[in-house]
>>> print(open('run.pdb').read())   # PDB, C-alpha atoms and all ligand atoms
ATOM      1  CA  MET A   2       0.000   0.000   0.000
ATOM      2  CA  PRO A   3       1.512   3.402  -0.928
ATOM      3  CA  GLN A   4       2.104   5.756   2.022
ATOM      4  CA  THR A   5       2.374   8.821  -0.190
ATOM      5  CA  LEU A   6       0.959   9.535  -3.595
ATOM      6  CA  ALA A   7       1.069  12.338  -6.125
ATOM      7  CA  ALA A   8      -2.275  14.006  -6.829
ATOM      8  CA  SER A   9      -1.857  13.006 -10.481
ATOM      9  CA  ALA A  10      -1.680   9.315  -9.454
ATOM     10  CA  LEU A  11      -4.863   9.565  -7.398
ATOM     11  CA  GLN A  12      -6.489  11.439 -10.312
ATOM     12  CA  THR A  13      -5.494   8.578 -12.614
ATOM     13  CA  TYR A  14      -6.980   6.013 -10.196
ATOM     14  CA  LEU A  15     -10.167   8.054  -9.967
ATOM     15  CA  GLU A  16     -10.504   8.056 -13.762
ATOM     16  CA  CYS A  17      -9.401   4.459 -14.369
ATOM     17  CA  PRO A  18      -8.057   2.091 -11.692
ATOM     18  CA  GLN A  19      -6.716  -0.202 -14.429
ATOM     19  CA  ARG A  20      -4.647   2.633 -15.883
ATOM     20  CA  TYR A  21      -3.321   3.407 -12.393
ATOM     21  CA  ARG A  22      -2.191  -0.217 -12.079
ATOM     22  CA  LEU A  23      -0.431  -0.230 -15.467
ATOM     23  CA  GLN A  24       1.133   3.197 -15.118
ATOM     24  CA  TYR A  25       2.063   3.461 -11.425
ATOM     25  CA  LEU A  26       2.283  -0.097 -10.061
ATOM     26  CA  GLU A  27       3.657  -1.941 -13.084
ATOM     27  CA  GLN A  28       5.371   1.204 -14.402
ATOM     28  CA  LEU A  29       4.884   0.165 -18.009
ATOM     29  CA  PRO A  30       6.190   2.624 -20.583
ATOM     30  CA  ARG A  31       3.754   5.244 -21.756
ATOM     31  CA  ARG A  32       3.169   5.862 -25.450
ATOM     32  CA  ARG A  33       5.471   8.550 -26.804
ATOM     33  CA  SER A  34       3.318  11.371 -27.992
ATOM     34  CA  GLY A  35       4.056  14.720 -29.554
ATOM     35  CA  SER A  36       1.469  16.366 -27.340
ATOM     36  CA  ARG A  37       3.285  15.192 -24.212
ATOM     37  CA  VAL A  38       6.617  16.486 -25.540
ATOM     38  CA  LEU A  39       4.944  19.836 -26.236
ATOM     39  CA  ALA A  40       3.270  19.918 -22.808
ATOM     40  CA  GLN A  41       6.607  19.276 -21.064
ATOM     41  CA  GLY A  42       8.278  22.063 -23.057
ATOM     42  CA  LEU A  43       5.506  24.535 -22.226
ATOM     43  CA  GLN A  44       5.666  23.603 -18.540
ATOM     44  CA  ALA A  45       9.462  24.013 -18.403
ATOM     45  CA  ALA A  46       9.322  27.403 -20.184
ATOM     46  CA  LEU A  47       6.603  28.754 -17.872
ATOM     47  CA  THR A  48       8.416  27.617 -14.716
ATOM     48  CA  GLU A  49      11.632  29.277 -15.879
ATOM     49  CA  TYR A  50       9.721  32.443 -16.865
ATOM     50  CA  TYR A  51       8.090  32.912 -13.447
ATOM     51  CA  LEU A  52      11.253  31.959 -11.571
ATOM     52  CA  ARG A  53      13.082  34.777 -13.367
ATOM     53  CA  ILE A  54      10.276  37.217 -12.518
ATOM     54  CA  MET A  55      10.482  36.059  -8.886
ATOM     55  CA  GLN A  56      14.197  36.854  -8.876
ATOM     56  CA  SER A  57      13.673  40.320 -10.349
ATOM     57  CA  SER A  58      10.183  41.833 -10.491
ATOM     58  CA  ASP A  59      11.215  44.212 -13.329
ATOM     59  CA  CYS A  60      12.336  41.315 -15.475
ATOM     60  CA  ARG A  61       9.977  40.295 -18.303
ATOM     61  CA  PRO A  62      11.778  37.559 -20.264
ATOM     62  CA  ASP A  63      10.707  36.608 -23.770
ATOM     63  CA  LEU A  64       8.561  33.543 -23.089
ATOM     64  CA  SER A  65       8.708  32.233 -26.669
ATOM     65  CA  ALA A  66      12.511  32.464 -26.682
ATOM     66  CA  LEU A  67      12.615  30.613 -23.348
ATOM     67  CA  PHE A  68      10.396  27.906 -24.818
ATOM     68  CA  ASP A  69      12.777  27.485 -27.757
ATOM     69  CA  GLN A  70      15.668  27.059 -25.321
ATOM     70  CA  VAL A  71      14.034  24.430 -23.112
ATOM     71  CA  PHE A  72      12.023  22.481 -25.704
ATOM     72  CA  ASP A  73      13.554  19.005 -26.116
ATOM     73  CA  GLY A  74      13.664  18.495 -29.877
ATOM     74  CA  ARG A  75      15.447  15.133 -29.396
ATOM     75  CA  ALA A  76      12.171  13.699 -28.077
ATOM     76  CA  CYS A  77      10.455  14.412 -31.436
ATOM     77  CA  SER A  78      10.122  11.707 -34.062
ATOM     78  CA  ASP A  79      11.647  13.857 -36.834
ATOM     79  CA  SER A  80      12.521  17.435 -37.734
ATOM     80  CA  TRP A  81       9.089  18.026 -39.261
ATOM     81  CA  GLU A  82       7.374  17.147 -35.959
ATOM     82  CA  GLU A  83       9.875  19.239 -34.021
ATOM     83  CA  GLU A  84       9.203  22.314 -36.159
ATOM     84  CA  ARG A  85       5.417  21.798 -35.927
ATOM     85  CA  LEU A  86       5.489  21.462 -32.122
ATOM     86  CA  ARG A  87       7.828  24.412 -31.691
ATOM     87  CA  ARG A  88       5.485  26.574 -33.748
ATOM     88  CA  ARG A  89       2.432  25.430 -31.774
ATOM     89  CA  GLY A  90       4.235  26.067 -28.484
ATOM     90  CA  ARG A  91       5.346  29.574 -29.463
ATOM     91  CA  GLU A  92       1.849  30.469 -30.684
ATOM     92  CA  ALA A  93       0.256  29.169 -27.465
ATOM     93  CA  LEU A  94       2.634  31.185 -25.296
ATOM     94  CA  VAL A  95       2.154  34.381 -27.312
ATOM     95  CA  ARG A  96      -1.617  33.972 -26.851
ATOM     96  CA  TYR A  97      -1.167  33.249 -23.151
ATOM     97  CA  GLN A  98       1.033  36.312 -22.645
ATOM     98  CA  GLN A  99      -1.723  38.451 -24.105
ATOM     99  CA  LEU A 100      -4.084  37.292 -21.339
ATOM    100  CA  ARG A 101      -4.114  39.541 -18.289
ATOM    101  CA  ALA A 102      -4.049  36.402 -16.151
ATOM    102  CA  SER A 103      -0.532  35.595 -17.373
ATOM    103  CA  GLN A 104       0.886  38.721 -15.676
ATOM    104  CA  PRO A 105       1.417  38.058 -11.968
ATOM    105  CA  GLN A 106       0.170  40.904  -9.788
ATOM    106  CA  HIS A 107       2.297  40.083  -6.773
ATOM    107  CA  LEU A 108       4.184  36.852  -7.136
ATOM    108  CA  LEU A 109       4.801  35.124  -3.785
ATOM    109  CA  ALA A 110       6.167  31.733  -4.826
ATOM    110  CA  VAL A 111       6.854  29.527  -7.844
ATOM    111  CA  ASP A 112       6.727  25.724  -8.041
ATOM    112  CA  LEU A 113       5.448  24.941  -4.549
ATOM    113  CA  GLN A 114       4.296  21.607  -3.080
ATOM    114  CA  ARG A 115       1.440  21.068  -0.638
ATOM    115  CA  ALA A 116       0.386  17.736   0.902
ATOM    116  CA  LEU A 117      -2.697  16.463   2.659
ATOM    117  CA  GLN A 118      -3.688  13.238   4.411
ATOM    118  CA  LEU A 119      -6.573  11.663   2.512
ATOM    119  CA  GLY A 120      -7.764   8.471   4.149
ATOM    120  CA  PRO A 121      -4.764   6.163   4.551
ATOM    121  CA  VAL A 122      -2.558   8.037   2.049
ATOM    122  CA  ARG A 123      -0.700  11.354   2.091
ATOM    123  CA  VAL A 124      -1.339  13.081  -1.225
ATOM    124  CA  SER A 125       0.967  15.796  -2.572
ATOM    125  CA  ALA A 126       0.220  18.364  -5.246
ATOM    126  CA  ARG A 127       2.255  21.042  -6.942
ATOM    127  CA  LEU A 128       1.133  24.572  -7.649
ATOM    128  CA  ASP A 129       2.901  26.505 -10.378
ATOM    129  CA  ARG A 130       2.703  29.951  -8.826
ATOM    130  CA  LEU A 131       1.169  31.717  -5.866
ATOM    131  CA  GLU A 132       0.038  35.320  -6.139
ATOM    132  CA  GLN A 133      -1.435  37.993  -3.916
ATOM    133  CA  ARG A 134      -4.105  39.557  -6.102
ATOM    134  CA  ALA A 135      -5.360  43.151  -5.969
ATOM    135  CA  ASN A 136      -8.708  41.841  -4.643
ATOM    136  CA  ALA A 137      -6.739  40.520  -1.627
ATOM    137  CA  SER A 138      -7.163  36.875  -2.529
ATOM    138  CA  LEU A 139      -4.296  34.445  -2.266
ATOM    139  CA  THR A 140      -4.434  32.775  -5.661
ATOM    140  CA  ALA A 141      -2.775  29.495  -6.591
ATOM    141  CA  VAL A 142      -2.287  29.006 -10.318
ATOM    142  CA  LEU A 143      -2.014  25.514 -11.806
ATOM    143  CA  HIS A 144      -0.723  25.463 -15.384
ATOM    144  CA  ARG A 145      -2.384  22.931 -17.647
ATOM    145  CA  THR A 146      -0.140  22.536 -20.679
ATOM    146  CA  GLY A 147      -1.699  19.479 -22.344
ATOM    147  CA  SER A 148      -4.025  19.495 -25.310
ATOM    148  CA  ARG A 149      -6.972  17.915 -23.460
ATOM    149  CA  PRO A 150      -9.722  20.544 -23.544
ATOM    150  CA  ALA A 151     -10.921  22.041 -20.275
ATOM    151  CA  ASP A 152     -14.331  20.839 -19.194
ATOM    152  CA  ALA A 153     -16.500  21.557 -16.187
ATOM    153  CA  THR A 154     -16.607  17.952 -14.935
ATOM    154  CA  ALA A 155     -12.819  17.601 -14.998
ATOM    155  CA  ALA A 156     -12.426  20.956 -13.245
ATOM    156  CA  GLU A 157     -14.936  19.945 -10.581
ATOM    157  CA  HIS A 158     -13.209  16.587  -9.949
ATOM    158  CA  ASN A 159      -9.656  17.864  -9.824
ATOM    159  CA  VAL A 160      -7.556  16.277  -7.079
ATOM    160  CA  ALA A 161      -4.570  18.659  -7.178
ATOM    161  CA  ALA A 162      -6.763  21.775  -6.913
ATOM    162  CA  ALA A 163      -8.486  20.384  -3.799
ATOM    163  CA  VAL A 164      -5.200  19.466  -2.113
ATOM    164  CA  ILE A 165      -3.781  22.912  -2.877
ATOM    165  CA  GLN A 166      -6.882  24.780  -1.678
ATOM    166  CA  ALA A 167      -7.054  22.758   1.552
ATOM    167  CA  GLY A 168      -3.298  23.078   2.182
ATOM    168  CA  LEU A 169      -3.235  26.853   1.654
ATOM    169  CA  SER A 170      -6.402  27.364   3.723
ATOM    170  CA  THR A 171      -4.684  25.575   6.610
ATOM    171  CA  ASP A 172      -1.440  27.527   6.207
ATOM    172  CA  PHE A 173      -3.189  30.899   5.823
ATOM    173  CA  PRO A 174      -6.467  30.604   7.787
ATOM    174  CA  ASP A 175      -7.287  34.331   7.442
ATOM    175  CA  ALA A 176      -6.707  34.501   3.687
ATOM    176  CA  ARG A 177      -9.301  34.210   0.930
ATOM    177  CA  VAL A 178      -7.793  31.313  -1.028
ATOM    178  CA  LYS A 179      -8.535  30.878  -4.733
ATOM    179  CA  VAL A 180      -7.336  28.224  -7.167
ATOM    180  CA  GLU A 181      -7.183  28.778 -10.917
ATOM    181  CA  GLN A 182      -6.336  26.395 -13.713
ATOM    182  CA  HIS A 183      -4.708  28.113 -16.685
ATOM    183  CA  HIS A 184      -5.114  26.036 -19.836
ATOM    184  CA  ILE A 185      -2.181  27.339 -21.829
ATOM    185  CA  GLN A 186      -2.876  25.805 -25.253
ATOM    186  CA  GLN A 187      -6.557  26.747 -25.112
ATOM    187  CA  GLY A 188      -5.998  30.234 -23.616
ATOM    188  CA  ILE A 189      -8.638  29.557 -20.952
ATOM    189  CA  VAL A 190      -8.613  30.425 -17.249
ATOM    190  CA  TRP A 191     -10.878  28.388 -14.938
ATOM    191  CA  ASP A 192     -11.641  29.350 -11.380
ATOM    192  CA  VAL A 193     -11.776  25.924  -9.673
ATOM    193  CA  THR A 194     -12.146  27.237  -6.109
ATOM    194  CA  LYS A 195     -14.694  25.337  -4.031
ATOM    195  CA  SER A 196     -16.781  26.728  -1.182
ATOM    196  CA  PRO A 197     -15.674  25.405   2.253
ATOM    197  CA  ASP A 198     -18.661  23.010   2.318
ATOM    198  CA  GLU A 199     -18.034  21.754  -1.229
ATOM    199  CA  LEU A 200     -14.353  21.276  -0.405
ATOM    200  CA  ASP A 201     -15.162  19.234   2.723
ATOM    201  CA  VAL A 202     -17.493  16.957   0.758
ATOM    202  CA  TRP A 203     -14.968  16.479  -2.058
ATOM    203  CA  LEU A 204     -12.083  15.756   0.348
ATOM    204  CA  ALA A 205     -14.221  13.171   2.163
ATOM    205  CA  GLU A 206     -14.964  11.507  -1.206
ATOM    206  CA  LEU A 207     -11.279  11.544  -2.073
ATOM    207  CA  GLY A 208     -10.461   9.953   1.280
ATOM    208  CA  GLN A 209     -12.771   7.071   0.319
ATOM    209  CA  VAL A 210     -11.171   6.832  -3.129
ATOM    210  CA  ALA A 211      -7.706   6.691  -1.507
ATOM    211  CA  ALA A 212      -8.912   3.943   0.848
ATOM    212  CA  ARG A 213     -10.255   1.965  -2.138
ATOM    213  CA  LEU A 214      -6.946   2.386  -3.942
ATOM    214  CA  ALA A 215      -5.006   1.146  -0.916
ATOM    215  CA  ALA A 216      -7.148  -2.007  -0.676
ATOM    216  CA  ASP A 217      -7.745  -2.631  -4.403
ATOM    217  CA  GLU A 218      -6.734  -5.946  -5.926
ATOM    218  CA  GLU A 219      -8.904  -5.911  -9.046
ATOM    219  CA  PHE A 220      -8.248  -2.461 -10.573
ATOM    220  CA  PRO A 221     -11.383  -2.325 -12.757
ATOM    221  CA  PRO A 222     -11.494  -0.202 -15.933
ATOM    222  CA  GLY A 223     -12.890   3.329 -15.783
ATOM    223  CA  ASP A 224     -14.982   5.405 -18.157
ATOM    224  CA  SER A 225     -14.453   4.066 -21.694
ATOM    225  CA  SER A 226     -14.540   7.582 -23.180
ATOM    226  CA  LEU A 227     -11.011   8.104 -21.789
ATOM    227  CA  CYS A 228      -9.530   5.034 -23.505
ATOM    228  CA  CYS A 229      -8.822   6.811 -26.801
ATOM    229  CA  SER A 230      -6.317   9.139 -25.103
ATOM    230  CA  CYS A 231      -4.891   6.513 -22.709
ATOM    231  CA  PRO A 232      -1.064   6.508 -22.865
ATOM    232  CA  VAL A 233      -0.808   2.860 -21.710
ATOM    233  CA  ARG A 234      -3.554   1.411 -23.872
ATOM    234  CA  ARG A 235      -1.191  -0.914 -25.716
ATOM    235  CA  HIS A 236      -0.621  -2.715 -22.394
ATOM    236  CA  CYS A 237      -4.320  -2.823 -21.451
ATOM    237  CA  LYS A 238      -5.894  -6.261 -21.681
ATOM    238  CA  VAL A 239      -9.290  -5.049 -20.432
ATOM    239  CA  ARG A 240      -9.902  -2.684 -23.329
ATOM    240  CA  PRO A 241      -7.159  -3.256 -25.908
ATOM    241  CA  LYS A 242      -7.037  -0.967 -28.927
ATOM    242  CA  GLY A 243      -9.364  -2.266 -31.643
ATOM    243  CA  GLY A 244     -11.210  -4.360 -29.062
ATOM    244  CA  GLY A 245     -14.540  -2.690 -29.730
ATOM    245  CA  ASN A 246     -14.697  -0.193 -26.828
TER     246      ASN A 246
HETATM  247  S1  LIG B 301      -7.352   1.605 -22.233
HETATM  248 FE1  LIG B 301      -9.093   2.378 -21.062
HETATM  249  S2  LIG B 301      -9.562   0.767 -19.563
HETATM  250 FE2  LIG B 301      -7.496   0.370 -20.359
HETATM  251  S3  LIG B 301      -6.117   1.367 -18.930
HETATM  252 FE3  LIG B 301      -6.504   2.827 -20.529
HETATM  253  S4  LIG B 301      -8.233   4.092 -19.845
HETATM  254 FE4  LIG B 301      -8.184   2.236 -18.575
END
>>> encode(input="run.pdb", output="C-alpha cells")
Amino acid sequence: MPQTLAASALQTYLECPQRYRLQYLEQLPRRRSGSRVLAQGLQAALTEYYLRIMQSSDCRPDLSALFDQVFDGRACSDSWEEERLRRRGREALVRYQQLRASQPQHLLAVDLQRALQLGPVRVSARLDRLEQRANASLTAVLHRTGSRPADATAAEHNVAAAVIQAGLSTDFPDARVKVEQHHIQQGIVWDVTKSPDELDVWLAELGQVAARLAADEEFPPGDSSLCCSCPVRRHCKVRPKGGGN
C-alpha cells in the first residue's frame, strides 16, 4: 500500500483504476506522444519564466525564446514534428502572454508543493505559482499545458486543486484562497475554487477513493470515453485498442 501519492496518481486512479495499475504499479512505458513532448516544453518554459520574474520583479523575459531554449527536440520523431510542435508552443505562449491572467500581480512563490492526508494516504500536489491579487485573494495558479480541452466535470473533480486549496487554507487561515487552472494551449482560465462546504465533501470523497486504492486488488477499468487518449492502452488487456470499446 503506498504511504504517499502524487495528486496526479490519485487522479489517474479516480478516472481508471486499471490505468493506475499499469502506469504506477507496473510502471509500463507510456506511449510517446508529440502532445506530451509539447506539454513538457511549455511547462518548463513557464516555470523558468516565473522563476526569473520572482528573482527580479522588473524582469519580463521573452517567453517564446525561453520555450525554444528548453524544448527538447530530441524527443520528437523527426525534424518536421519538431518544427510543428515548436510553432504550436510559441503560438500558445504568445496567446497566453496576451491574457491579463498571465501577468502576476504580486508573485509570492513559484513551483510549490502542498500535501494532505486523505484516508490512509498522504497526497501531494504542486502549484505553479502563488500570487497575492489586488482583490486581496491568495491565488494558486495551476498550469495545464496538455491538449486535453478544459471541461466543467474535470475541473470539478480535480484532485490537485483540492489538495492545494485545503493546504493553503490551513497555512493561511485568514486569507481568501482561490485556485485557478490556466489552460495554456486553449488560452482559458478556470476558477476551480470550491466553497468550504463543497471542499469538505470532495475531500471526504477523495479519502474514500484513496482507501479503495489502498485495498484494491482488481483495478477495474474506468470510463471508456477516456480510452482513446490513454497513454498505456497498448498494455491494457481489459480494453485493448481495436477491441470494440
Ligand atoms: S485503455 Fe481504457 S480501460 Fe485500459 S487502462 Fe486505458 S483508460 Fe483504462
>>> residues_near_ligand(input="run.pdb", ligand="ligand LIG 301 (chain B)", cutoff="6 Å", atoms="only C-alpha atoms and all ligand atoms", output="list of chain:residue names")
A:Cys17, A:Gln19, A:Arg20, A:Pro222, A:Gly223, A:Ser225, A:Leu227, A:Cys228, A:Cys231, A:Val233, A:Arg234, A:Cys237, A:Val239, A:Arg240
>>> write_last_selection(input="run.pdb", atoms="C-alpha atoms", output="PDB file, in the coordinates of the input")
ATOM      1  CA  CYS A  17      -9.401   4.459 -14.369  1.00  0.00           C
ATOM      2  CA  GLN A  19      -6.716  -0.202 -14.429  1.00  0.00           C
ATOM      3  CA  ARG A  20      -4.647   2.633 -15.883  1.00  0.00           C
ATOM      4  CA  PRO A 222     -11.494  -0.202 -15.933  1.00  0.00           C
ATOM      5  CA  GLY A 223     -12.890   3.329 -15.783  1.00  0.00           C
ATOM      6  CA  SER A 225     -14.453   4.066 -21.694  1.00  0.00           C
ATOM      7  CA  LEU A 227     -11.011   8.104 -21.789  1.00  0.00           C
ATOM      8  CA  CYS A 228      -9.530   5.034 -23.505  1.00  0.00           C
ATOM      9  CA  CYS A 231      -4.891   6.513 -22.709  1.00  0.00           C
ATOM     10  CA  VAL A 233      -0.808   2.860 -21.710  1.00  0.00           C
ATOM     11  CA  ARG A 234      -3.554   1.411 -23.872  1.00  0.00           C
ATOM     12  CA  CYS A 237      -4.320  -2.823 -21.451  1.00  0.00           C
ATOM     13  CA  VAL A 239      -9.290  -5.049 -20.432  1.00  0.00           C
ATOM     14  CA  ARG A 240      -9.902  -2.684 -23.329  1.00  0.00           C
TER      15      ARG A 240
END
>>> resolve_selection(input="run.pdb", expression="the PyMOL selection byres (((chain A and resi 40-53) around 7) and not hetatm)", output="NGL selection string")
:A and (36-39 or 54-57 or 60 or 62 or 64 or 67-68 or 71-73 or 90 or 111 or 146-147)
>>> closest_atom_pairs(input="run.pdb", of="stretch 70-164 of chain A", to="stretch 181-187 of chain A", cutoff="8 Å", atoms="all atoms listed in the file", output="CSV")
residue,atom,partner,partner_atom,distance
A:Gly90,CA,A:Gln186,CA,7.8
A:Ala93,CA,A:Gln186,CA,5.1
A:Leu94,CA,A:Ile185,CA,7.1
A:Tyr97,CA,A:Ile185,CA,6.1
A:Thr140,CA,A:Glu181,CA,7.2
A:Ala141,CA,A:Glu181,CA,6.2
A:Val142,CA,A:Glu181,CA,4.9
A:Leu143,CA,A:Gln182,CA,4.8
A:His144,CA,A:His183,CA,5.0
A:Arg145,CA,A:His184,CA,4.7
A:Thr146,CA,A:Ile185,CA,5.3
A:Gly147,CA,A:Gln186,CA,7.1
A:Ser148,CA,A:Gln186,CA,6.4
A:Pro150,CA,A:Gln187,CA,7.1
A:Ala151,CA,A:His184,CA,7.1
>>> closest_residue(input="run.pdb", among="A:Gln118, A:Gln12, A:Ala215, A:Ala126", to="A:Glu157", atoms="only C-alpha atoms")
A:Gln12
>>> axis_aligned_box(input="run.pdb", around="stretch 76-84 of chain A", padding_each_side="6 Å", output="JSON")
{"center_x": 9.9, "center_y": 17.0, "center_z": -33.7, "size_x": 17.1, "size_y": 22.6, "size_z": 23.2}
>>> closest_residue(input="run.pdb", among="A:Leu109, A:Lys238, A:Ser78, A:Arg33", to="A:Phe220", atoms="all atoms listed in the file")
A:Lys238
>>> closest_residue(input="run.pdb", among="A:Pro121, A:Arg130, A:Trp191, A:Tyr14", to="A:Ala212", atoms="all atoms listed in the file")
A:Pro121
>>> decode(input="run.pdb", residues="stretch 133-146 of chain A", atoms="C-alpha atoms", output="PDB file, in the first residue's frame")
ATOM      1  CA  GLN A 133      -1.435  37.993  -3.916  1.00  0.00           C
ATOM      2  CA  ARG A 134      -4.105  39.557  -6.102  1.00  0.00           C
ATOM      3  CA  ALA A 135      -5.360  43.151  -5.969  1.00  0.00           C
ATOM      4  CA  ASN A 136      -8.708  41.841  -4.643  1.00  0.00           C
ATOM      5  CA  ALA A 137      -6.739  40.520  -1.627  1.00  0.00           C
ATOM      6  CA  SER A 138      -7.163  36.875  -2.529  1.00  0.00           C
ATOM      7  CA  LEU A 139      -4.296  34.445  -2.266  1.00  0.00           C
ATOM      8  CA  THR A 140      -4.434  32.775  -5.661  1.00  0.00           C
ATOM      9  CA  ALA A 141      -2.775  29.495  -6.591  1.00  0.00           C
ATOM     10  CA  VAL A 142      -2.287  29.006 -10.318  1.00  0.00           C
ATOM     11  CA  LEU A 143      -2.014  25.514 -11.806  1.00  0.00           C
ATOM     12  CA  HIS A 144      -0.723  25.463 -15.384  1.00  0.00           C
ATOM     13  CA  ARG A 145      -2.384  22.931 -17.647  1.00  0.00           C
ATOM     14  CA  THR A 146      -0.140  22.536 -20.679  1.00  0.00           C
TER      15      THR A 146
END
